[in-house]
Amino acid sequence: MMLAERCEAAGEYPSAGPSGVSCSPDPDALRGDNMVHPALESLSEPLLRRLLQELGRQASVHRFEVAPNPCVGAAILAAGEIVGRGFHQAWGGPHAEREALAAAALSGVPASEWDTLVVTLEPCSSTGKTGPCVQAILEAGIPQVVVGALDPDPRHRGKGLEELRAAGVQVHLLEGFSTLEDVAPHFLSWNAPDRIRRPRPWTIAKWAQTRTGQLTPPEHVGEGRWITTPASLNEVQVLRGRVDAIVTGVGTVLADDPRLTVRPPGDIARAPRRIVLDTALLTPPDARLFAQPGPGEAGGPVTIMTVAGMDAPRARALQEAGAEIVGLHAGPFGHVALRDVYTWLWEAGVRRVMLECGPTLLRRHFDAEFVDQLRIYTGSVNGGRGPSMADSLQSIKLRERLDREQGEDAVLEAFVG
Ligand SMILES: NC(=O)c1ccc[n+]([C@@H]2O[C@H](COP(=O)([O-])OP(=O)(O)OC[C@H]3O[C@@H](n4cnc5c(N)ncnc54)[C@H](OP(=O)(O)O)[C@@H]3O)[C@@H](O)[C@H]2O)c1
């Protein structure tokens, strides 16, 4: 029996608490004191439950694109009919409520007839990459809102509901049918107390490997460098346009001389910072990272993270080439300390990182448990050079794994831990 049914049988109501979802004997406290709007009476609770479940399922399809944001689905109703649905589909993109409002605007049903917004998660009341959804709902003049779950972040929890109620909107909390445990468990780990206490950006490790898990192909394949098809490379460009920073190691800079720029189909309006972890400042000042991006491509500022007090002449030469030099503590084995790197990035406003590096730095990230999400492309290439990532992968716990195909490449996406 589902939790919602168990609660119903006990005459109680499902609610989320610090120890997970449980049955609460106090449904009125959760629902609020507002009188039920006549339009809601015409919407049966089973219909709303089904709608919340359906919106949650549809929203979670976008989980790897939106994380660490939550997967959220929303629908606008007019006299019991859905006139628009929307989903948060990409990190930095519009929230589900705004997408649903835009879809409803295209439906031909006048906004004056929209009577209900159903949304799987409490609407945001603060300004992030987009304006607060509470404001968009108020501007649309929707008289009632049905919410499937409260924001788990204690700093925001309940605020969106309060603001809507204060503005005269009827707000109903119908918990237990699109729970974050089901729809967006990654958002619960993002909001876990120790993550809030010691924040660090969400880190997506992306790499391409041969069938044997090696990150460098045999010399005679792909100019000794390329493993995957152009379609996969295009996907990576899209991902680059959806992160705040790309982190790499000096080993990759010396071997590949990458630009780490964003090119179409990636969003060149959002070029991420380029971060090189380079303890001994071995990055050449004439590396392509410092070249002017070509037409139609964009490159974010370059920061080289080293151990404080490193070779001053080298640091000067790199600064003259255009790099910012950041001196941090040394961590294990004398390399730049990863905790310092990620604390610095967080303080610089970076929230979503793509790790595009070789096996050395990848393994250090896995050892330090600093990887939140994976995107691994396996090309149809046999053999390869350098260490295989196969062992590291076997020792990692993958959640919500998705295996898909991209032409000849196999793609694995998952959350870690
Ligand atoms: N297939 C792919 O997706 C892909 C992607 C990138 C690279 N590659 C390949 O990977 C190869 C390079 O591998 P790699 O392992 O040498 O490169 P890497 O992992 O990018 O860089 C390793 C270097 O990072 C530096 N580093 C700084 N802080 C560190 C820390 N906390 N922990 C560990 N290292 C730290 C270390 O040098 P210092 O201690 O001197 O700082 C280390 O030698 C190349 O062949 C390249 O083509 C493949």
# chains A, B, ... in the order shown; residues from 1 in each chain; ligands from 1

$ closest_atom_pairs --of "chain A" --to "ligand 1" --cutoff "7 Å" --atoms "only C-alpha atoms and all ligand atoms" --output "Markdown table"
| residue | atom | partner | partner_atom_place_in_ligand_line | distance |
| --- | --- | --- | --- | --- |
| A:Lys206 | CA | ligand 1 | 3 (O) | 6.6 |
| A:Trp207 | CA | ligand 1 | 3 (O) | 3.4 |
| A:Ala208 | CA | ligand 1 | 3 (O) | 3.9 |
| A:Gln209 | CA | ligand 1 | 1 (N) | 5.3 |
| A:Leu215 | CA | ligand 1 | 1 (N) | 3.8 |
| A:Thr216 | CA | ligand 1 | 45 (O) | 5.1 |
| A:Arg225 | CA | ligand 1 | 47 (O) | 6.0 |
| A:Ile227 | CA | ligand 1 | 1 (N) | 6.9 |
| A:Thr248 | CA | ligand 1 | 20 (O) | 5.2 |
| A:Gly249 | CA | ligand 1 | 20 (O) | 3.4 |
| A:Val250 | CA | ligand 1 | 21 (O) | 4.7 |
| A:Gly251 | CA | ligand 1 | 17 (O) | 3.5 |
| A:Thr252 | CA | ligand 1 | 20 (O) | 4.0 |
| A:Val253 | CA | ligand 1 | 20 (O) | 7.0 |
| A:Ala255 | CA | ligand 1 | 44 (C) | 5.0 |
| A:Asp256 | CA | ligand 1 | 47 (O) | 5.4 |
| A:Leu277 | CA | ligand 1 | 27 (C) | 4.2 |
| A:Asp278 | CA | ligand 1 | 41 (O) | 3.6 |
| A:Thr279 | CA | ligand 1 | 41 (O) | 3.5 |
| A:Ala280 | CA | ligand 1 | 40 (O) | 4.9 |
| A:Gly331 | CA | ligand 1 | 31 (N) | 6.5 |
| A:Gly334 | CA | ligand 1 | 39 (O) | 6.8 |
| A:His335 | CA | ligand 1 | 39 (O) | 4.4 |
| A:Val336 | CA | ligand 1 | 28 (N) | 4.3 |
| A:Ala337 | CA | ligand 1 | 31 (N) | 5.2 |
| A:Leu338 | CA | ligand 1 | 31 (N) | 5.1 |
| A:Glu356 | CA | ligand 1 | 5 (C) | 5.3 |
| A:Cys357 | CA | ligand 1 | 6 (C) | 3.7 |
| A:Gly358 | CA | ligand 1 | 19 (O) | 3.5 |
| A:Pro359 | CA | ligand 1 | 15 (O) | 4.2 |
| A:Thr360 | CA | ligand 1 | 15 (O) | 3.6 |
| A:Leu361 | CA | ligand 1 | 19 (O) | 3.7 |
| A:Leu362 | CA | ligand 1 | 19 (O) | 6.0 |
| A:Arg364 | CA | ligand 1 | 32 (N) | 5.1 |

$ residues_around --residues "stretch 342-355 of chain A" --least-positions-apart "3" --cutoff "7 Å" --atoms "only C-alpha atoms" --output "list in words"
Arg200, Pro201, Trp202, Thr203, Ile204, Ala205, Lys206, Val243, Asp244, Ala245, Ile246, Val247, Thr248, Leu338 and Arg339 of chain A

$ select_by_dssp --residues "stretch 189-230 of chain A" --states "helix (DSSP H, G or I)" --output "number ranges by chain"
A: 189-190, 193-197, 222-224, 230

$ write_last_selection --atoms "all heavy atoms" --output "CSV table (one decimal), in the first residue's frame"
chain,number,residue,atom,x,y,z
A,189,SER,N,19.5,15.8,-1.0
A,189,SER,CA,20.9,15.8,-0.6
A,189,SER,C,21.5,17.1,-0.7
A,189,SER,O,22.4,17.5,0.1
A,189,SER,CB,21.7,14.7,-1.3
A,189,SER,OG,21.4,14.7,-2.7
A,190,TRP,N,21.1,17.9,-1.8
A,190,TRP,CA,21.6,19.3,-1.9
A,190,TRP,C,21.2,20.1,-0.7
A,190,TRP,O,21.9,21.1,-0.3
A,190,TRP,CB,21.0,19.9,-3.2
A,190,TRP,CG,21.3,21.3,-3.6
A,190,TRP,CD1,20.4,22.3,-3.7
A,190,TRP,CD2,22.6,21.8,-3.9
A,190,TRP,NE1,21.0,23.4,-4.1
A,190,TRP,CE2,22.4,23.2,-4.2
A,190,TRP,CE3,23.8,21.3,-4.0
A,190,TRP,CZ2,23.4,24.0,-4.6
A,190,TRP,CZ3,24.9,22.2,-4.4
A,190,TRP,CH2,24.6,23.5,-4.7
A,193,PRO,N,21.5,19.0,5.9
A,193,PRO,CA,22.1,20.0,6.8
A,193,PRO,C,23.6,20.1,6.7
A,193,PRO,O,24.1,21.3,6.7
A,193,PRO,CB,21.7,19.4,8.2
A,193,PRO,CG,20.5,18.6,8.0
A,193,PRO,CD,20.6,18.1,6.6
A,194,ASP,N,24.3,19.0,6.5
A,194,ASP,CA,25.8,19.2,6.4
A,194,ASP,C,26.2,19.9,5.1
A,194,ASP,O,27.2,20.5,5.1
A,194,ASP,CB,26.5,17.9,6.6
A,194,ASP,CG,26.2,16.8,5.6
A,194,ASP,OD1,25.0,16.8,5.2
A,194,ASP,OD2,27.1,16.1,5.2
A,195,ARG,N,25.4,19.7,4.0
A,195,ARG,CA,25.7,20.4,2.8
A,195,ARG,C,25.5,21.9,2.9
A,195,ARG,O,26.2,22.7,2.3
A,195,ARG,CB,24.9,19.7,1.7
A,195,ARG,CG,25.2,20.2,0.3
A,195,ARG,CD,26.3,19.3,-0.4
A,195,ARG,NE,26.8,19.9,-1.6
A,195,ARG,CZ,27.0,19.2,-2.7
A,195,ARG,NH1,26.8,17.8,-2.7
A,195,ARG,NH2,27.4,19.7,-3.8
A,196,ILE,N,24.4,22.2,3.7
A,196,ILE,CA,24.1,23.6,3.9
A,196,ILE,C,25.2,24.3,4.8
A,196,ILE,O,25.6,25.4,4.5
A,196,ILE,CB,22.7,23.8,4.4
A,196,ILE,CG1,21.7,23.4,3.4
A,196,ILE,CG2,22.5,25.2,4.9
A,196,ILE,CD1,20.2,23.5,3.8
A,197,ARG,N,25.6,23.5,5.8
A,197,ARG,CA,26.6,24.0,6.7
A,197,ARG,C,28.0,24.2,6.0
A,197,ARG,O,28.7,25.2,6.2
A,197,ARG,CB,26.8,23.0,7.8
A,197,ARG,CG,27.1,23.6,9.2
A,197,ARG,CD,27.0,22.7,10.4
A,197,ARG,NE,27.3,21.3,10.1
A,197,ARG,CZ,26.4,20.3,10.2
A,197,ARG,NH1,25.2,20.6,10.6
A,197,ARG,NH2,26.7,19.1,10.0
A,222,GLY,N,41.2,8.8,-33.8
A,222,GLY,CA,40.8,10.2,-33.5
A,222,GLY,C,41.9,11.1,-33.2
A,222,GLY,O,41.9,11.9,-32.2
A,223,GLU,N,42.9,11.1,-34.0
A,223,GLU,CA,44.1,11.9,-33.9
A,223,GLU,C,44.7,11.7,-32.5
A,223,GLU,O,45.3,12.6,-31.9
A,223,GLU,CB,43.8,13.4,-34.0
A,223,GLU,CG,43.3,13.7,-35.4
A,223,GLU,CD,42.6,15.1,-35.5
A,223,GLU,OE1,42.9,16.0,-34.6
A,223,GLU,OE2,41.7,15.3,-36.3
A,224,GLY,N,44.5,10.5,-31.9
A,224,GLY,CA,45.1,10.2,-30.6
A,224,GLY,C,44.4,10.9,-29.5
A,224,GLY,O,44.8,10.9,-28.3
A,230,PRO,N,30.7,13.4,-33.1
A,230,PRO,CA,30.4,14.8,-33.1
A,230,PRO,C,29.1,15.1,-32.3
A,230,PRO,O,29.0,16.1,-31.6
A,230,PRO,CB,30.2,15.2,-34.5
A,230,PRO,CG,31.1,14.3,-35.3
A,230,PRO,CD,31.0,13.0,-34.5

$ atom_distance --atom1 "atom CA of A:His172" --atom2 "atom CA of A:Val146"
4.8 Å

$ residues_around --residues "A:Glu405" --least-positions-apart "5" --cutoff "10 Å" --atoms "only C-alpha atoms" --output "PyMOL selection string"
chain A and resi 232+377-378+410-412
